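J.: Contents of start37.txt (compact mmCIF, C-alpha atoms) are below:
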# COMPACT_ATOMS: atom_id res chain seq x y z
CA MET A 44 -22.02 -4.22 8.06
CA GLU A 45 -19.93 -7.30 7.35
CA ARG A 46 -16.39 -6.97 8.63
CA LYS A 47 -13.82 -6.89 5.87
CA ILE A 48 -10.94 -9.34 5.94
CA ARG A 49 -7.73 -7.37 6.48
CA VAL A 50 -4.55 -8.82 5.01
CA LEU A 51 -0.92 -7.80 5.35
CA ILE A 52 1.19 -8.57 2.30
CA ALA A 53 4.91 -8.12 2.89
CA LYS A 54 8.24 -9.14 1.48
CA PRO A 55 10.76 -10.09 4.14
CA GLY A 56 14.46 -10.41 3.48
CA LEU A 57 16.62 -9.09 0.72
CA ASP A 58 15.22 -10.14 -2.65
CA GLY A 59 13.56 -7.43 -4.69
CA HIS A 60 11.14 -9.48 -6.75
CA ASP A 61 7.75 -8.15 -5.74
CA ARG A 62 5.60 -8.94 -8.78
CA GLY A 63 4.12 -12.06 -7.18
CA ALA A 64 3.33 -10.19 -3.96
CA LYS A 65 1.65 -7.41 -5.93
CA ILE A 66 -0.44 -9.83 -7.99
CA VAL A 67 -1.65 -11.60 -4.86
CA ALA A 68 -2.37 -8.23 -3.19
CA ARG A 69 -4.38 -7.15 -6.21
CA ALA A 70 -6.33 -10.43 -6.32
CA LEU A 71 -7.26 -10.21 -2.64
CA ARG A 72 -8.30 -6.58 -3.18
CA ASP A 73 -10.56 -7.64 -6.03
CA ALA A 74 -12.06 -10.28 -3.76
CA GLY A 75 -13.24 -7.46 -1.48
CA MET A 76 -10.48 -7.58 1.14
CA GLU A 77 -8.47 -4.73 2.58
CA VAL A 78 -4.85 -5.33 1.75
CA VAL A 79 -2.08 -3.47 3.55
CA TYR A 80 0.97 -3.62 1.32
CA THR A 81 4.30 -2.78 2.92
CA GLY A 82 6.81 -3.43 0.18
CA LEU A 83 10.30 -4.83 0.34
CA HIS A 84 12.97 -5.70 2.88
CA GLN A 85 10.88 -6.22 5.99
CA THR A 86 12.37 -7.79 9.09
CA ALA A 87 10.35 -10.35 11.05
CA GLU A 88 9.91 -7.77 13.83
CA GLN A 89 8.59 -5.16 11.36
CA VAL A 90 6.12 -7.65 9.89
CA VAL A 91 4.71 -8.57 13.29
CA LYS A 92 4.60 -4.96 14.55
CA THR A 93 2.78 -3.88 11.42
CA ALA A 94 0.35 -6.78 11.77
CA ILE A 95 -0.45 -5.69 15.32
CA GLN A 96 -0.99 -2.01 14.46
CA GLU A 97 -3.05 -2.81 11.40
CA ASP A 98 -4.97 -5.52 13.32
CA VAL A 99 -4.92 -7.82 10.30
CA ASP A 100 -6.61 -11.21 10.08
CA VAL A 101 -4.06 -12.61 7.65
CA ILE A 102 -0.32 -12.26 7.07
CA GLY A 103 0.96 -13.21 3.62
CA LEU A 104 4.69 -13.24 2.98
CA SER A 105 6.44 -13.62 -0.36
CA LEU A 106 10.03 -14.73 -0.59
CA LEU A 107 12.11 -15.81 -3.55
CA SER A 108 15.60 -15.73 -2.10
CA GLY A 109 15.56 -19.13 -0.42
CA ALA A 110 15.62 -17.74 3.12
CA HIS A 111 12.08 -18.87 3.91
CA MET A 112 13.20 -21.52 6.40
CA THR A 113 14.69 -18.74 8.50
CA LEU A 114 12.45 -15.74 7.87
CA PHE A 115 9.04 -17.44 7.69
CA VAL A 116 9.85 -19.42 10.82
CA ASP A 117 11.07 -16.25 12.60
CA VAL A 118 7.73 -14.57 11.91
CA ALA A 119 5.83 -17.70 13.01
CA ASN A 120 7.77 -17.82 16.27
CA LEU A 121 7.20 -14.13 16.94
CA LEU A 122 3.47 -14.60 16.35
CA LYS A 123 3.47 -17.42 18.89
CA GLU A 124 5.46 -15.34 21.34
CA LYS A 125 2.93 -12.49 21.04
CA LYS A 126 0.04 -14.96 21.33
CA MET A 127 -1.35 -13.86 17.97
CA ASP A 128 -2.85 -17.25 17.27
CA ASP A 129 -5.95 -15.68 15.68
CA VAL A 130 -3.87 -14.50 12.71
CA LEU A 131 -3.78 -16.74 9.64
CA PHE A 132 -0.23 -16.98 8.28
CA ILE A 133 0.40 -17.90 4.64
CA GLY A 134 3.49 -17.75 2.47
CA GLY A 135 4.54 -18.08 -1.12
CA GLY A 136 7.52 -18.02 -3.45
CA ILE A 137 10.19 -20.42 -4.57
CA ILE A 138 9.78 -23.04 -1.87
CA PRO A 139 11.01 -26.64 -2.38
CA GLU A 140 8.41 -29.31 -1.66
CA GLU A 141 10.43 -30.91 1.11
CA ASP A 142 10.33 -27.64 3.06
CA VAL A 143 6.54 -27.39 3.03
CA PRO A 144 5.81 -29.86 5.88
CA VAL A 145 8.43 -28.19 8.06
CA LEU A 146 6.90 -24.77 7.42
CA LYS A 147 3.40 -26.06 8.11
CA LYS A 148 4.58 -27.55 11.37
CA ALA A 149 6.08 -24.18 12.29
CA GLY A 150 2.68 -22.52 11.88
CA ILE A 151 2.49 -21.41 8.25
CA ALA A 152 -1.00 -22.60 7.40
CA GLY A 153 -0.75 -22.34 3.63
CA VAL A 154 2.27 -22.48 1.32
CA PHE A 155 1.80 -21.48 -2.32
CA GLY A 156 4.42 -22.13 -4.96
CA PRO A 157 4.86 -20.83 -8.51
CA GLY A 158 1.88 -21.45 -10.77
CA THR A 159 -0.72 -21.36 -8.00
CA PRO A 160 -3.93 -19.82 -9.41
CA VAL A 161 -4.71 -16.67 -7.39
CA GLU A 162 -8.27 -17.93 -6.93
CA ASP A 163 -6.84 -20.78 -4.81
CA ILE A 164 -5.24 -18.26 -2.48
CA VAL A 165 -8.46 -16.21 -2.24
CA THR A 166 -10.47 -19.34 -1.45
CA PHE A 167 -7.93 -20.54 1.10
CA VAL A 168 -7.96 -17.20 2.91
CA LYS A 169 -11.76 -16.98 2.98
CA LYS A 170 -12.06 -20.54 4.25
CA ASN A 171 -9.37 -20.43 6.91
CA VAL A 172 -9.54 -16.90 8.30
CA LYS A 173 -9.90 -17.24 12.06
CA ARG A 174 -11.77 -14.11 13.15
CA MET B 107 -16.19 -7.84 24.42
CA SER B 108 -14.32 -6.35 27.35
CA ASP B 109 -13.97 -2.62 27.74
CA LEU B 110 -10.82 -1.54 25.92
CA SER B 111 -10.76 2.05 27.17
CA SER B 112 -8.45 1.59 30.16
CA SER B 113 -5.78 -0.26 28.16
CA VAL B 114 -6.08 2.26 25.31
CA LEU B 115 -5.49 5.07 27.81
CA LYS B 116 -2.33 3.25 28.93
CA GLY B 117 -1.16 3.21 25.32
CA ASP B 118 -1.40 -0.56 24.78
CA VAL B 119 -0.81 -1.05 21.08
CA ARG B 120 -3.02 -4.09 20.58
CA SER B 121 -5.96 -2.52 22.37
CA ILE B 122 -5.58 0.64 20.26
CA ALA B 123 -5.50 -1.47 17.09
CA ARG B 124 -8.48 -3.58 18.14
CA LEU B 125 -10.62 -0.59 19.11
CA ILE B 126 -9.87 1.00 15.73
CA THR B 127 -11.07 -2.17 14.03
CA LEU B 128 -14.29 -2.03 16.04
CA VAL B 129 -15.05 1.62 15.18
CA GLU B 130 -14.14 0.98 11.57
CA ASN B 131 -16.81 -1.70 11.43
CA ASP B 132 -19.40 0.40 13.30
CA SER B 133 -19.44 -2.27 15.98
CA SER B 134 -21.63 -1.57 18.99
CA ASP B 135 -18.83 -3.08 21.10
CA ALA B 136 -16.82 0.11 20.53
CA ILE B 137 -19.38 2.52 21.90
CA GLU B 138 -18.75 2.06 25.64
CA SER B 139 -15.00 2.52 25.18
CA MET B 140 -15.49 5.56 22.95
CA LYS B 141 -17.76 7.14 25.55
CA LYS B 142 -15.13 6.69 28.24
CA ILE B 143 -12.11 8.00 26.34
CA HIS B 144 -13.61 11.27 25.15
CA LYS B 145 -12.75 13.21 28.28
CA HIS B 146 -9.12 12.15 27.92
CA THR B 147 -8.78 13.67 24.47
CA GLY B 148 -7.90 17.09 23.11
CA ARG B 149 -4.16 17.20 23.72
CA ALA B 150 -2.87 16.03 20.35
CA HIS B 151 -2.06 18.38 17.49
CA VAL B 152 -3.93 16.99 14.49
CA ILE B 153 -2.19 17.73 11.21
CA GLY B 154 -4.00 16.99 7.96
CA VAL B 155 -1.97 16.27 4.86
CA THR B 156 -3.83 16.47 1.58
CA GLY B 157 -2.96 16.94 -2.07
CA VAL B 158 -3.16 15.34 -5.48
CA MET B 159 -2.15 11.72 -5.92
CA GLY B 160 1.54 11.25 -6.37
CA SER B 161 2.39 14.58 -4.73
CA GLY B 162 4.45 12.79 -2.10
CA LYS B 163 2.12 12.95 0.90
CA SER B 164 3.26 9.62 2.35
CA SER B 165 6.93 10.45 1.96
CA LEU B 166 6.36 13.85 3.54
CA ILE B 167 4.53 12.25 6.46
CA PHE B 168 7.46 9.91 6.92
CA GLU B 169 9.83 12.90 7.11
CA LEU B 170 7.56 14.79 9.52
CA ALA B 171 7.03 11.77 11.76
CA TYR B 172 10.77 11.09 11.79
CA SER B 173 11.51 14.68 12.84
CA TYR B 174 8.85 14.68 15.56
CA ARG B 175 10.32 11.45 16.91
CA LYS B 176 13.70 13.19 17.18
CA GLN B 177 11.97 15.77 19.38
CA GLY B 178 10.74 12.90 21.55
CA LYS B 179 7.10 13.26 20.56
CA LYS B 180 4.80 10.28 20.08
CA VAL B 181 3.30 10.17 16.62
CA GLY B 182 0.12 8.61 15.25
CA VAL B 183 -0.43 8.29 11.52
CA ILE B 184 -3.79 7.62 9.85
CA ALA B 185 -3.20 6.84 6.18
CA ILE B 186 -6.31 6.67 4.02
CA ASP B 187 -6.51 5.07 0.58
CA PRO B 188 -9.54 4.50 -1.66
CA THR B 189 -11.94 1.60 -1.20
CA SER B 190 -13.18 0.13 -4.48
CA PRO B 191 -16.77 1.16 -5.15
CA PHE B 192 -17.14 -2.08 -7.11
CA THR B 193 -15.72 -4.82 -4.90
CA GLY B 194 -15.40 -3.11 -1.51
CA GLY B 195 -11.75 -4.12 -1.46
CA ALA B 196 -8.81 -1.78 -1.03
CA LEU B 197 -5.08 -1.73 -1.53
CA LEU B 198 -3.61 0.31 1.29
CA GLY B 199 -0.09 1.16 0.19
CA ASP B 200 0.95 4.26 2.13
CA ARG B 201 3.16 2.24 4.46
CA VAL B 202 5.57 1.51 1.62
CA ARG B 203 6.93 5.05 2.07
CA MET B 204 6.99 4.81 5.85
CA MET B 205 8.83 1.51 6.29
CA ASP B 206 11.63 2.87 8.44
CA LEU B 207 9.10 3.92 11.09
CA SER B 208 7.65 0.46 11.60
CA ALA B 209 10.36 -0.61 14.05
CA ASP B 210 9.81 2.46 16.27
CA ASP B 211 7.55 1.97 19.30
CA GLY B 212 6.82 5.70 19.42
CA VAL B 213 4.95 5.61 16.13
CA PHE B 214 1.55 4.04 15.48
CA ILE B 215 0.49 3.80 11.84
CA ARG B 216 -2.93 2.66 10.71
CA SER B 217 -4.01 2.28 7.07
CA MET B 218 -7.70 2.73 6.31
CA GLY B 219 -10.00 2.46 3.30
CA THR B 220 -12.51 5.22 2.46
CA HIS B 221 -15.49 2.83 2.73
CA GLY B 222 -17.63 4.84 0.35
CA MET B 223 -16.93 8.32 1.72
CA LEU B 224 -16.21 10.90 -0.97
CA GLY B 225 -14.50 13.78 0.84
CA GLY B 226 -11.03 12.23 0.99
CA LEU B 227 -11.55 10.70 4.45
CA THR B 228 -13.34 7.71 5.95
CA SER B 229 -16.24 8.03 8.36
CA ALA B 230 -14.42 6.33 11.23
CA VAL B 231 -11.56 8.83 11.10
CA TYR B 232 -13.04 11.01 13.87
CA ASP B 233 -13.10 8.04 16.21
CA VAL B 234 -9.59 6.99 15.25
CA VAL B 235 -8.26 10.48 15.99
CA GLU B 236 -9.93 10.32 19.41
CA ILE B 237 -8.42 6.90 20.10
CA LEU B 238 -4.87 7.94 19.15
CA ASP B 239 -5.24 11.18 21.11
CA ALA B 240 -6.46 9.33 24.20
CA ALA B 241 -3.62 6.83 23.82
CA GLY B 242 -1.11 9.65 24.29
CA MET B 243 -0.01 10.61 20.81
CA ASP B 244 1.35 14.18 20.74
CA ILE B 245 1.05 14.51 16.98
CA ILE B 246 -1.55 12.86 14.75
CA LEU B 247 -0.88 13.01 11.03
CA VAL B 248 -3.92 12.31 8.85
CA GLU B 249 -3.19 11.53 5.21
CA THR B 250 -6.18 11.86 2.89
CA VAL B 251 -6.57 9.91 -0.30
CA GLY B 252 -5.00 11.60 -3.30
CA VAL B 253 -7.56 14.32 -3.97
CA GLY B 254 -8.82 16.31 -6.93
CA GLN B 255 -10.14 19.81 -6.48
CA ALA B 256 -13.12 19.33 -4.19
CA GLU B 257 -12.35 16.73 -1.51
CA VAL B 258 -11.89 19.03 1.44
CA ASP B 259 -13.32 17.15 4.44
CA ILE B 260 -9.90 17.15 6.07
CA VAL B 261 -10.54 20.69 7.38
CA LYS B 262 -13.29 19.31 9.59
CA ILE B 263 -10.81 17.27 11.58
CA ALA B 264 -7.35 18.87 11.32
CA ASP B 265 -6.03 21.70 13.48
CA THR B 266 -3.49 22.42 10.78
CA THR B 267 -4.11 21.51 7.14
CA LEU B 268 -1.18 21.10 4.76
CA VAL B 269 -2.03 21.26 1.07
CA VAL B 270 0.75 19.51 -0.83
CA LEU B 271 1.37 20.63 -4.41
CA VAL B 272 4.08 19.78 -6.89
CA PRO B 273 5.58 21.62 -9.85
CA GLY B 274 3.83 21.26 -13.18
CA LEU B 275 0.17 21.12 -12.17
CA GLY B 276 -1.17 23.93 -14.31
CA ASP B 277 -1.40 27.68 -14.56
CA PHE B 278 -2.48 30.51 -12.28
CA ILE B 279 -6.20 29.90 -12.86
CA GLN B 280 -5.86 26.55 -11.07
CA THR B 281 -4.66 28.31 -7.96
CA ILE B 282 -7.61 30.70 -7.74
CA LYS B 283 -10.26 28.01 -8.11
CA ALA B 284 -12.47 27.20 -5.13
CA GLY B 285 -12.04 24.04 -3.08
CA LEU B 286 -8.66 22.57 -2.29
CA MET B 287 -6.80 25.88 -2.62
CA GLU B 288 -9.03 27.48 0.02
CA ILE B 289 -8.37 25.05 2.84
CA ALA B 290 -4.61 25.37 3.30
CA ASP B 291 -3.17 26.60 6.57
CA ILE B 292 0.21 25.95 4.99
CA PHE B 293 1.04 25.32 1.33
CA VAL B 294 3.76 22.75 0.77
CA VAL B 295 5.45 22.63 -2.60
CA ASN B 296 6.98 19.17 -2.54
CA LYS B 297 9.42 17.65 -5.03
CA ALA B 298 11.27 20.96 -4.93
CA ASP B 299 14.23 19.15 -6.43
CA ARG B 300 12.34 19.29 -9.75
CA SER B 301 12.19 22.15 -12.21
CA GLY B 302 9.27 24.57 -12.18
CA VAL B 303 9.30 25.07 -8.41
CA GLU B 304 9.77 28.83 -8.50
CA GLN B 305 6.88 29.22 -10.92
CA ILE B 306 4.34 27.40 -8.76
CA VAL B 307 5.57 29.18 -5.62
CA ALA B 308 5.15 32.53 -7.42
CA GLU B 309 1.66 31.57 -8.55
CA ILE B 310 0.57 30.61 -5.04
CA GLU B 311 2.13 33.78 -3.63
CA SER B 312 0.34 35.96 -6.16
CA MET B 313 -2.93 34.21 -5.36
CA LEU B 314 -2.29 34.98 -1.69
CA ASP B 315 -1.55 38.63 -2.62
CA ILE B 316 -5.10 39.08 -3.89
CA SER B 317 -6.64 37.21 -0.97
CA CYS B 318 -8.92 39.19 1.35
CA LYS B 319 -7.84 37.45 4.55
CA THR B 320 -5.55 39.77 6.47
CA ASP B 321 -5.00 38.30 9.93
CA ARG B 322 -2.51 35.69 8.83
CA ARG B 323 -0.49 35.27 5.65
CA ILE B 324 -0.50 31.60 4.61
CA PRO B 325 3.09 30.43 4.31
CA VAL B 326 4.41 28.54 1.30
CA VAL B 327 7.13 26.02 2.16
CA LYS B 328 9.34 24.25 -0.35
CA THR B 329 10.24 20.68 0.53
CA SER B 330 11.93 17.70 -1.02
CA ALA B 331 10.88 14.60 0.89
CA LYS B 332 13.28 12.64 -1.32
CA GLU B 333 16.25 14.73 -0.23
CA SER B 334 14.87 15.45 3.27
CA LYS B 335 15.02 19.18 2.53
CA GLY B 336 12.78 21.89 3.89
CA ILE B 337 11.31 19.63 6.57
CA LEU B 338 12.57 21.74 9.48
CA ASP B 339 11.09 24.88 7.85
CA LEU B 340 7.80 23.02 7.59
CA LEU B 341 7.96 21.98 11.27
CA ASP B 342 8.52 25.65 12.20
CA GLU B 343 5.51 26.77 10.18
CA ILE B 344 3.31 24.06 11.72
CA GLU B 345 4.41 25.24 15.17
CA ASN B 346 3.77 28.88 14.20
CA HIS B 347 0.30 27.94 13.04
CA MET B 348 -0.51 26.33 16.38
CA ILE B 349 0.71 29.49 18.17
CA TYR B 350 -1.55 31.55 15.91
CA LEU B 351 -4.51 29.23 16.57
CA ARG B 352 -4.07 29.57 20.34
CA LYS B 353 -3.60 33.37 20.25
CA SER B 354 -6.47 34.10 17.91
CA LYS B 355 -8.92 31.72 19.61
CA VAL B 356 -9.47 30.09 16.21
CA PHE B 357 -8.39 26.91 17.97
CA GLU B 358 -11.65 26.65 19.93
CA THR B 359 -13.69 27.31 16.77
CA LYS B 360 -11.82 24.60 14.88
CA ARG B 361 -12.22 22.01 17.61
CA ARG B 362 -15.91 22.84 17.96
CA LYS B 363 -16.32 22.30 14.20
CA ARG B 364 -14.62 18.92 14.51
CA TYR B 365 -17.05 17.80 17.19
CA GLU B 366 -19.95 19.12 15.13
CA ALA B 367 -18.76 17.00 12.20
CA GLU B 368 -18.25 13.99 14.46
CA LEU B 369 -21.71 14.26 16.00
CA THR B 370 -23.28 14.71 12.58
CA GLU B 371 -21.45 11.63 11.34
CA ILE B 372 -22.58 9.47 14.27
CA ILE B 373 -26.20 10.53 13.77
CA ARG B 374 -25.97 10.05 10.01
CA LYS B 375 -24.57 6.55 10.38
CA ARG B 376 -27.19 5.54 12.92
CA LEU B 377 -30.05 6.92 10.85
CA MET B 378 -28.78 5.29 7.67
CA GLY B 379 -28.33 2.02 9.53
CA PHE B 380 -31.84 2.33 10.93
CA ILE B 381 -33.41 2.90 7.53
CA PHE B 382 -31.34 0.65 5.32
CA ASP B 383 -29.97 -2.11 7.54
CA GLU B 384 -32.76 -2.92 9.93
CA SER B 385 -34.91 -5.61 8.45
CA LYS B 386 -38.37 -4.09 8.78
CA LEU B 387 -37.70 -0.65 7.33
CA LYS B 388 -35.41 -2.07 4.67
CA LYS B 389 -38.27 -4.14 3.29
CA LYS B 390 -40.45 -1.06 3.28
CA VAL B 391 -37.75 0.90 1.42
CA GLU B 392 -37.44 -1.85 -1.20
CA PHE B 393 -41.22 -1.87 -1.62
CA LEU B 394 -41.30 1.90 -2.11
CA ILE B 395 -38.50 1.73 -4.70
CA ASP B 396 -40.57 -0.80 -6.65
CA GLN B 397 -43.54 1.54 -6.51
CA ILE B 398 -41.41 4.46 -7.73
CA SER B 399 -40.17 2.32 -10.62
CA ARG B 400 -43.75 1.53 -11.62
CA LYS B 401 -44.67 5.26 -11.41
CA GLU B 402 -47.23 4.48 -8.72
CA LEU B 403 -45.36 6.78 -6.37
CA ASP B 404 -42.89 9.66 -6.65
CA PRO B 405 -39.57 9.71 -4.75
CA TYR B 406 -40.54 12.72 -2.59
CA THR B 407 -43.71 11.09 -1.27
CA ALA B 408 -41.73 7.91 -0.65
CA ALA B 409 -39.14 9.87 1.35
CA ASP B 410 -41.92 11.49 3.41
CA GLU B 411 -43.28 8.07 4.17
CA ILE B 412 -39.93 6.70 5.39
CA LEU B 413 -39.04 9.78 7.42
CA GLY B 414 -42.58 9.89 8.84
CA LYS B 415 -41.99 6.46 10.33
CA ILE B 416 -38.87 7.65 12.13
CA LEU B 417 -40.03 11.10 13.20
CA LYS B 418 -43.44 10.19 14.52
For the file at hand, write its structure as structure tokens.
T.:
Amino acid sequence: MERKIRVLIAKPGLDGHDRGAKIVARALRDAGMEVVYTGLHQTAEQVVKTAIQEDVDVIGLSLLSGAHMTLFVDVANLLKEKKMDDVLFIGGGIIPEEDVPVLKKAGIAGVFGPGTPVEDIVTFVKKNVKR
Amino acid sequence: MSDLSSSVLKGDVRSIARLITLVENDSSDAIESMKKIHKHTGRAHVIGVTGVMGSGKSSLIFELAYSYRKQGKKVGVIAIDPTSPFTGGALLGDRVRMMDLSADDGVFIRSMGTHGMLGGLTSAVYDVVEILDAAGMDIILVETVGVGQAEVDIVKIADTTLVVLVPGLGDFIQTIKAGLMEIADIFVVNKADRSGVEQIVAEIESMLDISCKTDRRIPVVKTSAKESKGILDLLDEIENHMIYLRKSKVFETKRRKRYEAELTEIIRKRLMGFIFDESKLKKKVEFLIDQISRKELDPYTAADEILGKILK
């Protein structure tokens, strides 16, 4: 049996806009992946703990509040600290272009802004998943 | 793949998570570890939580887990949601109701898809219960998918089965139908903050009045997971049920049934894998299906031919 790609979709921080996260979760589900959806207001510690327990291959975070430079980077640092370098980390939301290189350098492999076709995200995950 | 059993026995979270992934994918790498941990299992109280979709199972599990944590017990949660029969994908959303537990090191939650099983569980669930038990969980809560009337596999694995109902499901006839209503060790009427609670409680009680079982009256507990009400009553009834199981020796019977189901499942998976996954037989099966389609062969003769190859 082929192993299914397991993805954690979470919303860190305080904004309550979860439509984007839900659409991405649904698209990954329809692409045959197992998507663990945790909902709103996750701390970086919660995201990483959940990722460990659920043994996911991919973490996808959605953030529209503007706190991505803090919260995405916090999660990336925690992943490094826990030596979870086999987990693919992607993020999306309202993210200014000038922030993208900084986020990529911090370890966020893919950054997806508004208007990204969901197929692009599915393809990116399938192509870059590390396990 | 290194043997994960010793680190699982020490309670190492990543090893537990990784071994679950292996059993979920029927990986042969899991087998050695599973063989070694079996003798370290049997301590945990396995509580099954089943009921119709939207009855509040996840929220109830959150409340139960939270209360067990206050008693200092370690809690494992297995939350099962449906796998799509069309794409093989799944959206596992039970954690949304359990968010406040994710920072607690004494709780291990794992979300699983059904992977084609129809009884409300997933075939790897027996292994996952063994893993969490061996890892030192005192309580293991197993949440089935939202069920209809007939998905009752949870009784094969749980020591105590909670059937969660909510007000407004239907009339008395629903409560005397076979299936779901027969498997409860405890009835939970959740969302007791809503109207119609007394009616459904009365209907369950009157069903129990005409029941032939006499050694133990099944309790009906009213809860409101939203308002955290009735949870302590439910904990008491779960404890009482375990005392009853131990006293009446039903405990041994239940555990034996679990192992019977587990053994059956392992054999079933291996046989199915042998027939349908292994290249040689699979080709033969495909060939026979073609013959059946052309009416050159009937399905029974074809089945004899396949089974003959294995049993000879």
J.: Give me, as an MDAnalysis selection string, the residues of chain B touching chain A, with the criterion being at most 8 Å (counting all atoms listed in the file).
T.: chainID B and resid 119:120 122:124 127 131:132 193:202 205 208:209 214:217 219
J.: Have a look at CA of Glu411 (chain B) and CA of Pro191 (chain B) and let me know their distance in Å, one decimal.
T.: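 CA of Pro191 (chain B) lies at a distance of 28.9 Å from CA of Glu411 (chain B).
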J.: As an exercise, work out the distance from CA of Ala264 (chain B) to CA of Ala367 (chain B) in Å and give it to one decimal place.
T.: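 Here the two named atoms are 11.6 Å from each other.
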J.: Rounded to one decimal in Å, what is the spacing between CA of Asp163 (chain A) and CA of Gly136 (chain A)?
T.: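 These two atoms are separated by 14.7 Å.
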J.: Got a sec to check which residues sit within 12 Å of (9.2, -16.3, 0.8), counting all atoms listed in the file, and write them as a PyMOL selection string?
T.: chain A and resi 52-61+63-64+83-85+87+103-118+133-139+142-143+146+151+153-157
J.: As a VMD selection string, please: the residues near Leu131 (chain A) (cut-off 7 Å, only C-alpha atoms, same-chain neighbours under 3 positions excluded).
T.: chain A and resid 100 to 102 152 172 to 173
J.: Missing atoms in region 81-94 of chain A should be modelled up to N, CA and C atoms and reported as a short mmCIF file (atom, residue, chain, number, x, y, z; two decimals), keeping the file's coordinate frame.
T.:
data_model
loop_
_atom_site.label_atom_id
_atom_site.label_comp_id
_atom_site.auth_asym_id
_atom_site.auth_seq_id
_atom_site.Cartn_x
_atom_site.Cartn_y
_atom_site.Cartn_z
N THR A 81 3.20 -3.52 2.30
CA THR A 81 4.30 -2.78 2.92
C THR A 81 5.54 -2.68 2.05
N GLY A 82 5.62 -3.50 1.01
CA GLY A 82 6.81 -3.43 0.18
C GLY A 82 7.94 -4.31 0.69
N LEU A 83 9.14 -3.94 0.23
CA LEU A 83 10.30 -4.83 0.34
C LEU A 83 11.04 -4.76 1.67
N HIS A 84 11.92 -5.74 1.85
CA HIS A 84 12.97 -5.70 2.88
C HIS A 84 12.47 -5.58 4.30
N GLN A 85 11.40 -6.30 4.63
CA GLN A 85 10.88 -6.22 5.99
C GLN A 85 11.57 -7.23 6.89
N THR A 86 11.88 -6.83 8.10
CA THR A 86 12.37 -7.79 9.09
C THR A 86 11.17 -8.49 9.72
N ALA A 87 11.43 -9.62 10.38
CA ALA A 87 10.35 -10.35 11.05
C ALA A 87 9.67 -9.44 12.08
N GLU A 88 10.46 -8.66 12.80
CA GLU A 88 9.91 -7.77 13.83
C GLU A 88 8.98 -6.73 13.18
N GLN A 89 9.42 -6.16 12.05
CA GLN A 89 8.59 -5.16 11.36
C GLN A 89 7.27 -5.77 10.91
N VAL A 90 7.34 -6.99 10.37
CA VAL A 90 6.12 -7.65 9.89
C VAL A 90 5.13 -7.81 11.04
N VAL A 91 5.62 -8.29 12.17
CA VAL A 91 4.71 -8.57 13.29
C VAL A 91 4.19 -7.26 13.89
N LYS A 92 5.05 -6.26 14.03
CA LYS A 92 4.60 -4.96 14.55
C LYS A 92 3.53 -4.34 13.66
N THR A 93 3.77 -4.42 12.35
CA THR A 93 2.78 -3.88 11.42
C THR A 93 1.47 -4.64 11.54
N ALA A 94 1.57 -5.97 11.66
CA ALA A 94 0.35 -6.78 11.77
C ALA A 94 -0.45 -6.40 13.01
#
